[in-house]
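Text of upload.csv (CSV, C-alpha atoms and all ligand atoms) as supplied:
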```
chain,number,residue,atom,x,y,z
X,64,MET,CA,-17.0,-24.4,225.4
X,65,SER,CA,-20.7,-25.2,226.3
X,66,VAL,CA,-23.1,-22.3,226.6
X,67,ARG,CA,-23.4,-23.0,230.3
X,68,ASP,CA,-19.6,-22.8,230.7
X,69,ALA,CA,-19.4,-19.6,228.7
X,70,VAL,CA,-22.2,-18.0,230.8
X,71,LEU,CA,-20.4,-19.0,234.0
X,72,ALA,CA,-17.1,-17.6,232.6
X,73,ASN,CA,-18.8,-14.2,231.9
X,74,LEU,CA,-20.5,-14.2,235.3
X,75,LYS,CA,-17.2,-14.8,237.0
X,76,LYS,CA,-16.1,-11.4,235.8
X,77,ILE,CA,-18.6,-9.7,238.1
X,78,THR,CA,-17.7,-8.9,241.6
X,79,ASP,CA,-20.0,-9.5,244.6
X,80,PRO,CA,-19.9,-6.2,246.5
X,81,VAL,CA,-20.7,-8.0,249.8
X,82,SER,CA,-17.9,-10.6,249.8
X,83,GLY,CA,-15.5,-9.0,247.3
X,84,GLN,CA,-15.2,-12.4,245.4
X,85,ASP,CA,-16.7,-13.0,242.0
X,86,ILE,CA,-20.4,-13.8,242.1
X,87,VAL,CA,-19.9,-17.4,241.1
X,88,SER,CA,-17.2,-18.2,243.6
X,89,ALA,CA,-19.2,-16.4,246.3
X,90,GLY,CA,-22.1,-18.8,245.7
X,91,VAL,CA,-24.5,-15.9,244.7
X,92,ILE,CA,-25.4,-17.6,241.4
X,93,ARG,CA,-27.7,-20.6,241.9
X,94,ALA,CA,-29.9,-22.8,239.8
X,95,LEU,CA,-28.2,-21.9,236.5
X,96,ASN,CA,-30.3,-23.6,233.8
X,97,VAL,CA,-29.7,-23.5,230.1
X,98,GLU,CA,-32.5,-24.7,227.9
X,99,GLY,CA,-32.0,-24.2,224.2
X,100,ASP,CA,-31.2,-20.4,223.8
X,101,THR,CA,-32.8,-19.5,227.2
X,102,VAL,CA,-30.7,-19.0,230.3
X,103,ARG,CA,-32.2,-18.8,233.8
X,104,PHE,CA,-30.5,-18.4,237.1
X,105,VAL,CA,-31.1,-17.0,240.6
X,106,LEU,CA,-29.0,-14.7,242.6
X,107,GLU,CA,-29.2,-15.8,246.2
X,108,ILE,CA,-28.8,-12.7,248.3
X,109,ASP,CA,-29.2,-11.3,251.8
X,110,PRO,CA,-32.6,-9.6,251.6
X,111,LYS,CA,-31.1,-6.5,253.3
X,112,GLN,CA,-28.8,-6.1,250.3
X,113,ALA,CA,-31.6,-6.3,247.7
X,114,GLU,CA,-31.1,-2.7,246.5
X,115,ARG,CA,-27.3,-2.9,246.4
X,116,MET,CA,-27.6,-6.2,244.5
X,117,GLU,CA,-30.0,-5.0,241.8
X,118,PRO,CA,-27.2,-3.5,239.6
X,119,VAL,CA,-25.3,-6.8,240.1
X,120,ARG,CA,-28.4,-8.7,238.9
X,121,ALA,CA,-28.7,-6.5,235.9
X,122,ALA,CA,-25.0,-6.8,235.1
X,123,ALA,CA,-25.2,-10.6,235.4
X,124,GLU,CA,-28.2,-10.7,233.1
X,125,GLN,CA,-26.3,-8.6,230.5
X,126,ALA,CA,-23.2,-10.8,230.9
X,127,ALA,CA,-25.2,-13.9,230.2
X,128,GLN,CA,-26.8,-12.2,227.2
X,129,MET,CA,-23.4,-11.6,225.7
X,130,VAL,CA,-22.8,-15.3,225.2
X,131,ASP,CA,-23.2,-16.6,221.6
X,132,GLY,CA,-26.3,-18.7,221.2
X,133,VAL,CA,-28.2,-17.0,224.1
X,134,ALA,CA,-31.4,-15.3,223.1
X,135,SER,CA,-33.1,-14.6,226.4
X,136,VAL,CA,-31.9,-14.4,230.0
X,137,SER,CA,-33.9,-14.3,233.2
X,138,ALA,CA,-32.1,-13.6,236.4
X,139,MET,CA,-34.1,-13.4,239.6
X,140,MET,CA,-33.1,-12.5,243.1
X,141,THR,CA,-34.0,-14.7,246.0
X,142,ALA,CA,-33.3,-14.3,249.7
X,143,HIS,CA,-31.1,-16.9,251.2
X,144,SER,CA,-32.7,-18.5,254.2
X,145,GLU,CA,-32.1,-16.7,257.4
X,146,LYS,CA,-33.1,-17.8,260.9
X,147,ALA,CA,-36.6,-16.6,261.4
X,148,PRO,CA,-37.0,-13.9,264.1
X,149,PRO,CA,-38.4,-15.2,267.4
X,150,ASP,CA,-42.1,-15.5,267.3
X,151,LEU,CA,-43.5,-13.5,270.2
X,152,LYS,CA,-47.1,-14.0,269.4
X,153,PRO,CA,-49.0,-16.6,271.4
X,154,LYS,CA,-48.9,-19.9,269.6
X,155,PRO,CA,-52.2,-21.0,268.1
X,156,LYS,CA,-53.5,-24.4,269.1
X,157,PRO,CA,-51.7,-27.3,267.3
X,158,SER,CA,-54.9,-28.4,265.6
X,159,GLN,CA,-55.0,-25.1,263.7
X,160,THR,CA,-51.5,-25.4,262.4
X,161,GLY,CA,-51.4,-29.1,261.5
X,162,PRO,CA,-51.3,-30.1,257.8
X,163,GLN,CA,-54.6,-29.4,256.1
X,164,ALA,CA,-56.3,-31.1,253.2
X,165,VAL,CA,-57.3,-29.1,250.2
X,166,ALA,CA,-61.0,-29.0,249.5
X,167,GLY,CA,-62.0,-31.4,246.7
X,168,VAL,CA,-58.5,-32.8,246.3
X,169,ASP,CA,-58.1,-36.5,247.3
X,170,ARG,CA,-54.4,-36.8,247.3
X,171,ILE,CA,-51.4,-34.5,247.1
X,172,ILE,CA,-48.2,-35.9,245.6
X,173,ALA,CA,-45.0,-33.9,245.7
X,174,VAL,CA,-42.3,-34.3,243.0
X,175,ALA,CA,-38.9,-33.3,244.2
X,176,SER,CA,-35.3,-33.4,243.3
X,177,GLY,CA,-32.2,-32.7,245.3
X,178,LYS,CA,-30.5,-31.0,242.3
X,179,GLY,CA,-31.7,-28.7,239.6
X,180,GLY,CA,-32.0,-29.8,236.0
X,181,VAL,CA,-32.5,-33.5,236.6
X,182,GLY,CA,-35.8,-33.5,234.8
X,183,LYS,CA,-38.2,-33.1,237.7
X,184,SER,CA,-40.6,-30.9,235.7
X,185,THR,CA,-40.5,-33.2,232.7
X,186,VAL,CA,-41.4,-36.1,234.9
X,187,SER,CA,-44.2,-34.2,236.7
X,188,ALA,CA,-45.7,-33.1,233.4
X,189,ASN,CA,-45.5,-36.6,231.9
X,190,LEU,CA,-46.9,-38.3,235.0
X,191,ALA,CA,-49.8,-35.8,235.2
X,192,CYS,CA,-50.7,-36.4,231.5
X,193,ALA,CA,-50.2,-40.2,231.8
X,194,LEU,CA,-52.5,-40.2,234.9
X,195,ALA,CA,-55.1,-38.1,233.0
X,196,ALA,CA,-54.9,-40.5,230.1
X,197,GLU,CA,-55.8,-43.3,232.5
X,198,GLY,CA,-58.9,-41.4,233.4
X,199,ARG,CA,-57.8,-39.8,236.7
X,200,ARG,CA,-58.7,-36.2,237.5
X,201,VAL,CA,-55.3,-34.6,237.7
X,202,GLY,CA,-54.1,-31.2,238.8
X,203,LEU,CA,-50.5,-30.0,238.5
X,204,LEU,CA,-49.2,-27.1,240.5
X,205,ASP,CA,-45.9,-25.7,239.3
X,206,ALA,CA,-44.3,-24.5,242.6
X,207,ASP,CA,-40.9,-24.2,241.0
X,208,VAL,CA,-40.6,-20.4,241.5
X,209,TYR,CA,-36.9,-20.4,240.3
X,210,GLY,CA,-37.7,-21.8,236.9
X,211,PRO,CA,-41.4,-22.4,236.3
X,212,SER,CA,-41.6,-24.5,233.2
X,213,GLN,CA,-45.0,-26.2,233.3
X,214,PRO,CA,-46.8,-23.6,231.2
X,215,ARG,CA,-44.3,-24.3,228.4
X,216,MET,CA,-44.3,-28.0,228.9
X,217,LEU,CA,-48.1,-28.3,228.9
X,218,GLY,CA,-48.5,-25.7,226.1
X,219,VAL,CA,-50.6,-23.2,228.0
X,220,SER,CA,-50.1,-19.5,228.0
X,221,GLY,CA,-51.9,-16.4,229.2
X,222,ARG,CA,-52.5,-15.3,232.7
X,223,PRO,CA,-55.0,-17.1,234.9
X,224,ALA,CA,-58.2,-15.2,235.5
X,225,SER,CA,-59.6,-14.1,238.8
X,226,PRO,CA,-63.2,-13.0,238.1
X,227,ASP,CA,-64.0,-12.2,241.8
X,228,GLY,CA,-60.6,-11.1,242.9
X,229,LYS,CA,-60.6,-14.0,245.5
X,230,THR,CA,-60.4,-17.2,243.6
X,231,ILE,CA,-58.0,-18.0,240.7
X,232,LEU,CA,-59.2,-20.0,237.7
X,233,PRO,CA,-56.5,-22.5,236.7
X,234,LEU,CA,-55.6,-23.3,233.1
X,235,ARG,CA,-56.2,-26.7,231.5
X,236,ASN,CA,-54.6,-28.8,228.7
X,237,HIS,CA,-54.1,-32.5,227.9
X,238,GLY,CA,-56.7,-33.3,230.5
X,239,VAL,CA,-54.6,-31.7,233.3
X,240,THR,CA,-55.7,-28.7,235.4
X,241,MET,CA,-52.6,-26.6,235.8
X,242,MET,CA,-51.5,-23.6,237.8
X,243,SER,CA,-48.0,-22.1,238.0
X,244,MET,CA,-46.6,-19.7,240.5
X,245,GLY,CA,-44.6,-18.3,237.6
X,246,LEU,CA,-47.8,-17.1,236.0
X,247,MET,CA,-48.4,-14.8,239.0
X,248,THR,CA,-45.3,-12.7,238.4
X,249,ASN,CA,-44.6,-10.4,235.5
X,250,GLU,CA,-42.3,-12.0,233.0
X,251,GLY,CA,-38.8,-10.6,233.1
X,252,GLN,CA,-39.4,-8.9,236.3
X,253,ALA,CA,-37.0,-9.5,239.1
X,254,VAL,CA,-38.7,-11.1,242.0
X,255,VAL,CA,-37.2,-11.5,245.4
X,256,TRP,CA,-39.0,-14.5,246.9
X,257,ARG,CA,-38.6,-14.2,250.6
X,258,GLY,CA,-39.5,-17.1,252.8
X,259,PRO,CA,-42.8,-15.6,254.0
X,260,MET,CA,-43.8,-14.6,250.5
X,261,LEU,CA,-43.1,-18.1,249.2
X,262,MET,CA,-45.3,-19.5,252.0
X,263,GLY,CA,-48.1,-17.0,251.2
X,264,ALA,CA,-47.9,-17.7,247.5
X,265,LEU,CA,-48.0,-21.5,248.0
X,266,GLN,CA,-50.9,-21.2,250.4
X,267,GLN,CA,-52.7,-19.1,247.9
X,268,MET,CA,-52.1,-21.6,245.1
X,269,MET,CA,-53.4,-24.4,247.1
X,270,GLY,CA,-56.3,-22.7,248.7
X,271,GLN,CA,-57.5,-20.1,246.3
X,272,VAL,CA,-57.1,-21.9,243.0
X,273,GLN,CA,-60.4,-23.5,241.9
X,274,TRP,CA,-58.9,-27.0,241.4
X,275,GLY,CA,-62.3,-28.6,241.3
X,276,ALA,CA,-62.6,-32.3,242.2
X,277,LEU,CA,-59.3,-34.0,241.8
X,278,ASP,CA,-58.1,-37.5,242.4
X,279,VAL,CA,-54.6,-36.3,242.6
X,280,LEU,CA,-52.8,-32.9,242.7
X,281,ILE,CA,-49.1,-33.2,241.7
X,282,VAL,CA,-46.9,-30.5,243.0
X,283,ASP,CA,-43.7,-29.8,241.0
X,284,LEU,CA,-41.4,-28.5,243.7
X,285,PRO,CA,-38.3,-26.3,243.2
X,286,PRO,CA,-35.0,-28.3,243.4
X,287,GLY,CA,-33.4,-28.7,246.8
X,288,THR,CA,-34.7,-28.6,250.3
X,289,GLY,CA,-36.0,-25.1,251.0
X,290,ASP,CA,-38.9,-23.1,252.2
X,291,VAL,CA,-41.4,-24.4,249.6
X,292,GLN,CA,-40.8,-28.0,250.5
X,293,LEU,CA,-41.1,-27.3,254.2
X,294,THR,CA,-44.2,-25.2,253.9
X,295,LEU,CA,-45.9,-27.7,251.6
X,296,SER,CA,-45.3,-30.6,254.0
X,297,GLN,CA,-46.1,-28.6,257.2
X,298,LYS,CA,-49.2,-26.9,256.0
X,299,PHE,CA,-50.8,-29.5,253.7
X,300,GLN,CA,-51.4,-33.2,253.9
X,301,VAL,CA,-48.9,-34.5,251.4
X,302,ASP,CA,-49.7,-38.1,250.7
X,303,GLY,CA,-46.5,-39.0,249.0
X,304,ALA,CA,-43.3,-37.7,247.6
X,305,ILE,CA,-41.4,-38.8,244.5
X,306,VAL,CA,-37.7,-38.0,244.3
X,307,VAL,CA,-36.3,-37.7,240.8
X,308,SER,CA,-32.6,-38.1,240.2
X,309,THR,CA,-30.1,-38.8,237.4
X,310,PRO,CA,-27.7,-41.6,238.1
X,311,GLN,CA,-24.7,-39.4,238.6
X,312,ASP,CA,-23.1,-39.4,242.1
X,313,VAL,CA,-23.6,-35.6,242.6
X,314,ALA,CA,-27.3,-35.9,241.9
X,315,LEU,CA,-27.6,-38.9,244.1
X,316,ILE,CA,-26.0,-37.2,247.1
X,317,ASP,CA,-28.5,-34.4,246.8
X,318,ALA,CA,-31.4,-36.8,246.2
X,319,ARG,CA,-30.5,-38.5,249.5
X,320,LYS,CA,-30.8,-35.1,251.2
X,321,GLY,CA,-34.3,-34.8,249.7
X,322,ILE,CA,-35.3,-38.2,251.0
X,323,ASP,CA,-33.9,-37.3,254.5
X,324,MET,CA,-36.0,-34.2,254.5
X,325,PHE,CA,-39.2,-36.0,253.7
X,326,ASN,CA,-38.4,-38.6,256.3
X,327,GLN,CA,-38.0,-35.8,258.9
X,328,LEU,CA,-41.2,-34.2,257.8
X,329,LYS,CA,-42.9,-37.6,258.0
X,330,THR,CA,-44.0,-37.4,254.4
X,331,PRO,CA,-44.4,-40.9,253.0
X,332,ILE,CA,-41.9,-41.5,250.1
X,333,LEU,CA,-43.5,-43.2,247.2
X,334,GLY,CA,-40.2,-43.9,245.6
X,335,MET,CA,-37.4,-42.6,243.4
X,336,ILE,CA,-37.4,-42.2,239.6
X,337,GLU,CA,-34.2,-42.5,237.6
X,338,ASN,CA,-34.3,-40.0,234.8
X,339,MET,CA,-31.8,-39.8,231.9
X,340,SER,CA,-31.1,-43.4,232.7
X,341,THR,CA,-29.8,-44.7,229.4
X,342,HIS,CA,-29.4,-42.8,226.2
X,343,ILE,CA,-31.2,-44.2,223.2
X,344,CYS,CA,-29.9,-42.7,219.9
X,345,SER,CA,-32.8,-41.2,218.0
X,346,ASN,CA,-31.1,-42.3,214.7
X,347,CYS,CA,-30.0,-45.9,215.3
X,348,GLY,CA,-31.7,-46.9,218.6
X,349,HIS,CA,-28.2,-47.7,220.0
X,350,GLU,CA,-28.3,-47.6,223.8
X,351,GLU,CA,-25.5,-46.0,225.9
X,352,HIS,CA,-25.1,-44.9,229.5
X,353,VAL,CA,-24.2,-41.3,229.5
X,354,PHE,CA,-24.5,-40.7,233.2
X,355,GLY,CA,-24.0,-44.3,234.2
X,356,HIS,CA,-27.0,-46.5,234.8
X,357,GLY,CA,-28.6,-48.1,237.7
X,358,GLY,CA,-27.2,-45.6,240.3
X,359,VAL,CA,-30.7,-44.7,241.5
X,360,ALA,CA,-31.7,-48.3,241.8
X,361,THR,CA,-28.7,-49.0,244.1
X,362,GLU,CA,-29.4,-45.8,246.1
X,363,ALA,CA,-33.1,-46.6,246.4
X,364,LYS,CA,-32.3,-50.1,247.7
X,365,GLU,CA,-29.8,-48.6,250.2
X,366,LEU,CA,-32.4,-46.1,251.4
X,367,GLY,CA,-35.1,-48.7,251.5
X,368,VAL,CA,-37.4,-46.8,249.1
X,369,PRO,CA,-39.0,-48.2,245.9
X,370,LEU,CA,-37.5,-47.5,242.5
X,371,MET,CA,-40.6,-46.5,240.6
X,372,GLY,CA,-39.1,-46.5,237.1
X,373,GLU,CA,-36.2,-45.6,234.8
X,374,ILE,CA,-36.7,-43.0,232.1
X,375,PRO,CA,-34.3,-43.0,229.2
X,376,LEU,CA,-32.5,-39.9,228.0
X,377,HIS,CA,-34.1,-39.4,224.6
X,378,LEU,CA,-34.2,-36.4,222.3
X,379,ASP,CA,-38.0,-36.9,221.7
X,380,ILE,CA,-38.7,-36.4,225.4
X,381,ARG,CA,-37.0,-32.9,225.4
X,382,VAL,CA,-38.5,-31.9,222.0
X,383,ALA,CA,-42.0,-33.0,223.2
X,384,ALA,CA,-41.6,-31.1,226.5
X,385,ASP,CA,-40.4,-27.9,224.7
X,386,GLY,CA,-43.2,-28.2,222.2
X,387,GLY,CA,-46.0,-28.1,224.8
X,388,ALA,CA,-47.2,-31.7,224.4
X,389,PRO,CA,-45.3,-34.1,226.7
X,390,ILE,CA,-44.2,-37.4,225.1
X,391,VAL,CA,-47.0,-39.3,226.7
X,392,VAL,CA,-49.4,-37.1,224.7
X,393,SER,CA,-47.4,-36.6,221.5
X,394,LYS,CA,-46.1,-40.1,221.1
X,395,PRO,CA,-48.1,-42.2,223.6
X,396,GLU,CA,-47.0,-45.6,222.0
X,397,SER,CA,-43.3,-44.9,222.0
X,398,PRO,CA,-41.1,-46.8,224.5
X,399,GLN,CA,-40.1,-43.5,226.1
X,400,ALA,CA,-43.8,-42.7,226.8
X,401,GLU,CA,-44.4,-46.2,228.0
X,402,ALA,CA,-41.7,-45.7,230.7
X,403,PHE,CA,-43.9,-42.9,232.2
X,404,ARG,CA,-47.2,-44.6,231.6
X,405,LYS,CA,-46.0,-47.7,233.5
X,406,ILE,CA,-45.2,-45.6,236.5
X,407,ALA,CA,-48.6,-43.9,236.3
X,408,ARG,CA,-50.4,-47.3,236.1
X,409,ASP,CA,-48.4,-48.6,239.0
X,410,MET,CA,-49.3,-45.5,241.1
X,411,ILE,CA,-53.0,-46.1,240.3
X,412,ALA,CA,-52.8,-49.8,241.1
X,413,LYS,CA,-51.2,-49.0,244.5
X,414,GLY,CA,-53.9,-46.5,245.2
X,415,ASN,CA,-51.4,-43.6,245.2
X,416,ALA,CA,-53.1,-41.7,242.4
R,1,LIG,N1,-35.4,-38.1,229.9
R,1,LIG,C1,-35.1,-37.0,229.2
R,1,LIG,N2,-34.6,-37.0,227.9
R,1,LIG,C2,-34.2,-35.9,227.3
R,1,LIG,N3,-34.3,-34.7,227.8
R,1,LIG,C3,-34.8,-34.6,229.0
R,1,LIG,C4,-35.2,-35.7,229.8
R,1,LIG,N4,-35.6,-35.2,231.0
R,1,LIG,C5,-35.5,-33.9,231.0
R,1,LIG,N5,-35.0,-33.5,229.8
R,1,LIG,C6,-34.6,-32.1,229.4
R,1,LIG,O1,-33.7,-31.6,230.4
R,1,LIG,C7,-34.0,-30.2,230.7
R,1,LIG,C8,-34.2,-30.1,232.2
R,1,LIG,O2,-35.4,-30.7,232.5
R,1,LIG,P1,-36.5,-30.2,233.5
R,1,LIG,O3,-36.8,-28.7,233.3
R,1,LIG,O4,-37.6,-31.1,233.6
R,1,LIG,O5,-35.6,-30.3,234.9
R,1,LIG,P2,-35.9,-29.8,236.3
R,1,LIG,O6,-35.2,-30.8,237.2
R,1,LIG,O7,-37.3,-29.6,236.5
R,1,LIG,O8,-35.1,-28.5,236.3
R,1,LIG,P3,-35.2,-27.2,237.3
R,1,LIG,O9,-34.0,-27.3,238.1
R,1,LIG,O10,-35.2,-26.0,236.4
R,1,LIG,O11,-36.5,-27.3,238.1
R,1,LIG,C9,-35.2,-29.8,229.8
R,1,LIG,O12,-34.7,-29.2,228.7
R,1,LIG,C10,-35.9,-31.2,229.5
R,1,LIG,O13,-36.5,-31.2,228.2
```
Kindly return the structure encoded in the file as structure tokens.
Amino acid sequence: MSVRDAVLANLKKITDPVSGQDIVSAGVIRALNVEGDTVRFVLEIDPKQAERMEPVRAAAEQAAQMVDGVASVSAMMTAHSEKAPPDLKPKPKPSQTGPQAVAGVDRIIAVASGKGGVGKSTVSANLACALAAEGRRVGLLDADVYGPSQPRMLGVSGRPASPDGKTILPLRNHGVTMMSMGLMTNEGQAVVWRGPMLMGALQQMMGQVQWGALDVLIVDLPPGTGDVQLTLSQKFQVDGAIVVSTPQDVALIDARKGIDMFNQLKTPILGMIENMSTHICSNCGHEEHVFGHGGVATEAKELGVPLMGEIPLHLDIRVAADGGAPIVVSKPESPQAEAFRKIARDMIAKGNA
């Protein structure tokens, strides 16, 4: 049994006090992510039940911890989206609410995925480093509040400083200026990200972080189509969205939802990237199609969006990301890195980065 399945089996033993079902069947557990010996997941709850659910969260964390091979567990509570209460305040003029540019930032590119775990953060980190290697001034905002991974992928640690209490100084590595929403919360602390909180935090990240002059700011979004995606597109001028998907049908169905959302928000779609496209054996170089191959190309064609590239499933990509130096930095001449670098060069050639 995989660690993921073992974690799920343990979580299934816990009852959701609201529905009476187990917490997995009740849909409380979301975004379960196993990386090495680290397990992360989110409990999606009604914000009114936050207090009642805290023991459930603690029990879930403990249940995951019991699984062999698991060293650390992080379980956060998040509020499931509710209809916003009617806004009785007079509406500000549309010119004040329209998407804004961020001072000093030429372009904002959102990297999204319909489904979690398809490698969106890996793609964001590699694209950011590849663009920086081409001489672009690059920022990377990790807006994935459910599983912030950019500090680890870019090998930066420590909390960002705020010398004046108003502005936030970002961190920097591999030529990329980086800020993560995950660095603003205390590690291991349960955070209930309510819609308005998310919006506030995102606005703070965009507006108060001293990004400096950037050619492009890449925003690594959480998976799915939620509050962060909406806020980003509604409040800021997003110049393009990249949707990352694996070739599996389930991932593609969700990727399509992501594309629909950006179409509705009138955010231009730069294209799709197929990740974990083919598997290249790190011993013999043999190529096989673990999740099928070419599914994203077919989907992109059907949706009328460009296929920006296909990234192989390769152990070196994961090892490099886990080690804090993405493959385009640690093995820039490898074919795996070249797959990312080609996408970056094409983006620059098309004036998108
Ligand atoms: N092309 C690849 N080859 C090998 N491993 C990969 C590849 N892409 C991603 N991975 C690995 O898969 C795992 C998930 O990737 P990543 O965290 O980038 O996904 P994500 O879509 O951002 O996930 P989340 O849902 O947490 O936001 C990581 O351990 C990463 O190193």
Problem - Straight-line distance linking atom CA of Gly221 of chain X with atom CA of Gly287 of chain X, stated in Å to one decimal - result: 28.3 Å
Practice task
Return as a PyMOL selection string every polymer residue, whether protein, DNA or RNA, with at least one atom no more than 8 Å from an atom of ligand LIG 1 (chain R); count all atoms listed in the file.
Solution key: chain X and resi 94+96-99+176+178-187+207+209-212+283-286+307+338-340+342+374-385
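The shortest atom-to-atom distance to Asn326 of chain X, with all atoms listed in the file taken into account, belongs to X:Gly303 out of X:Glu124, X:Ala206, X:Gly303, X:Met129.
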Problem - Contacts of Asp68 of chain X at 12 Å (all atoms listed in the file; same-chain gap of 6+ positions) as number ranges by chain - result: X: 74-75, 87, 95-97, 102, 127, 130-131
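The two atoms in question, atom CA of Ile171 of chain X and atom CA of Gln271 of chain X, are spaced 15.7 Å apart.
For Ser220 of chain X, the residues within 9 Å (counting all atoms listed in the file, excluding itself and residues fewer than 3 positions away along the chain) are Pro214, Arg215, Pro223, Leu234 and Leu246 of chain X.
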Just the residues within 12 Å of Pro310 of chain X, please, counting all atoms listed in the file, with nothing from its chain fewer than 4 positions along; format it as a PDB file with C-alpha atoms, in the coordinates of the input.
```
ATOM      1  CA  LYS X 178     -30.500 -31.000 242.300  1.00  0.00           C
ATOM      2  CA  VAL X 181     -32.500 -33.500 236.600  1.00  0.00           C
ATOM      3  CA  GLY X 182     -35.800 -33.500 234.800  1.00  0.00           C
ATOM      4  CA  ALA X 314     -27.300 -35.900 241.900  1.00  0.00           C
ATOM      5  CA  LEU X 315     -27.600 -38.900 244.100  1.00  0.00           C
ATOM      6  CA  ILE X 316     -26.000 -37.200 247.100  1.00  0.00           C
ATOM      7  CA  ASP X 317     -28.500 -34.400 246.800  1.00  0.00           C
ATOM      8  CA  ALA X 318     -31.400 -36.800 246.200  1.00  0.00           C
ATOM      9  CA  MET X 335     -37.400 -42.600 243.400  1.00  0.00           C
ATOM     10  CA  ILE X 336     -37.400 -42.200 239.600  1.00  0.00           C
ATOM     11  CA  GLU X 337     -34.200 -42.500 237.600  1.00  0.00           C
ATOM     12  CA  ASN X 338     -34.300 -40.000 234.800  1.00  0.00           C
ATOM     13  CA  MET X 339     -31.800 -39.800 231.900  1.00  0.00           C
ATOM     14  CA  SER X 340     -31.100 -43.400 232.700  1.00  0.00           C
ATOM     15  CA  THR X 341     -29.800 -44.700 229.400  1.00  0.00           C
ATOM     16  CA  HIS X 352     -25.100 -44.900 229.500  1.00  0.00           C
ATOM     17  CA  VAL X 353     -24.200 -41.300 229.500  1.00  0.00           C
ATOM     18  CA  PHE X 354     -24.500 -40.700 233.200  1.00  0.00           C
ATOM     19  CA  GLY X 355     -24.000 -44.300 234.200  1.00  0.00           C
ATOM     20  CA  HIS X 356     -27.000 -46.500 234.800  1.00  0.00           C
ATOM     21  CA  GLY X 357     -28.600 -48.100 237.700  1.00  0.00           C
ATOM     22  CA  GLY X 358     -27.200 -45.600 240.300  1.00  0.00           C
ATOM     23  CA  VAL X 359     -30.700 -44.700 241.500  1.00  0.00           C
ATOM     24  CA  ALA X 360     -31.700 -48.300 241.800  1.00  0.00           C
ATOM     25  CA  THR X 361     -28.700 -49.000 244.100  1.00  0.00           C
ATOM     26  CA  GLU X 362     -29.400 -45.800 246.100  1.00  0.00           C
ATOM     27  CA  ALA X 363     -33.100 -46.600 246.400  1.00  0.00           C
ATOM     28  CA  GLU X 373     -36.200 -45.600 234.800  1.00  0.00           C
ATOM     29  CA  ILE X 374     -36.700 -43.000 232.100  1.00  0.00           C
ATOM     30  CA  PRO X 375     -34.300 -43.000 229.200  1.00  0.00           C
ATOM     31  CA  LEU X 376     -32.500 -39.900 228.000  1.00  0.00           C
TER      32      LEU X 376
END
```
Filled-in N, CA and C atoms of segment 275-286 of chain X, supplied as a compact mmCIF listing (two decimals), keeping the file's coordinate frame:
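File part_0.txt, as written:
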```
# COMPACT_ATOMS: atom_id res chain seq x y z
N GLY X 275 -61.21 -27.69 241.58
CA GLY X 275 -62.30 -28.60 241.30
C GLY X 275 -62.05 -29.94 241.96
N ALA X 276 -62.84 -30.96 241.62
CA ALA X 276 -62.60 -32.30 242.20
C ALA X 276 -61.47 -32.97 241.55
N LEU X 277 -60.47 -33.34 242.34
CA LEU X 277 -59.30 -34.00 241.80
C LEU X 277 -59.00 -35.31 242.50
N ASP X 278 -58.58 -36.31 241.72
CA ASP X 278 -58.10 -37.50 242.40
C ASP X 278 -56.69 -37.30 242.91
N VAL X 279 -55.93 -36.51 242.17
CA VAL X 279 -54.60 -36.30 242.60
C VAL X 279 -54.07 -34.89 242.16
N LEU X 280 -53.41 -34.21 243.07
CA LEU X 280 -52.80 -32.90 242.70
C LEU X 280 -51.25 -33.16 242.83
N ILE X 281 -50.58 -33.02 241.69
CA ILE X 281 -49.10 -33.20 241.70
C ILE X 281 -48.48 -31.82 241.86
N VAL X 282 -47.55 -31.75 242.80
CA VAL X 282 -46.90 -30.50 243.00
C VAL X 282 -45.42 -30.61 242.57
N ASP X 283 -45.08 -29.84 241.55
CA ASP X 283 -43.70 -29.80 241.00
C ASP X 283 -42.92 -28.81 241.84
N LEU X 284 -42.09 -29.33 242.74
CA LEU X 284 -41.40 -28.50 243.70
C LEU X 284 -40.12 -27.85 243.06
N PRO X 285 -39.61 -26.76 243.65
CA PRO X 285 -38.30 -26.30 243.20
C PRO X 285 -37.24 -27.32 243.60
N PRO X 286 -36.07 -27.30 242.95
CA PRO X 286 -35.00 -28.30 243.40
C PRO X 286 -34.53 -27.93 244.78
```
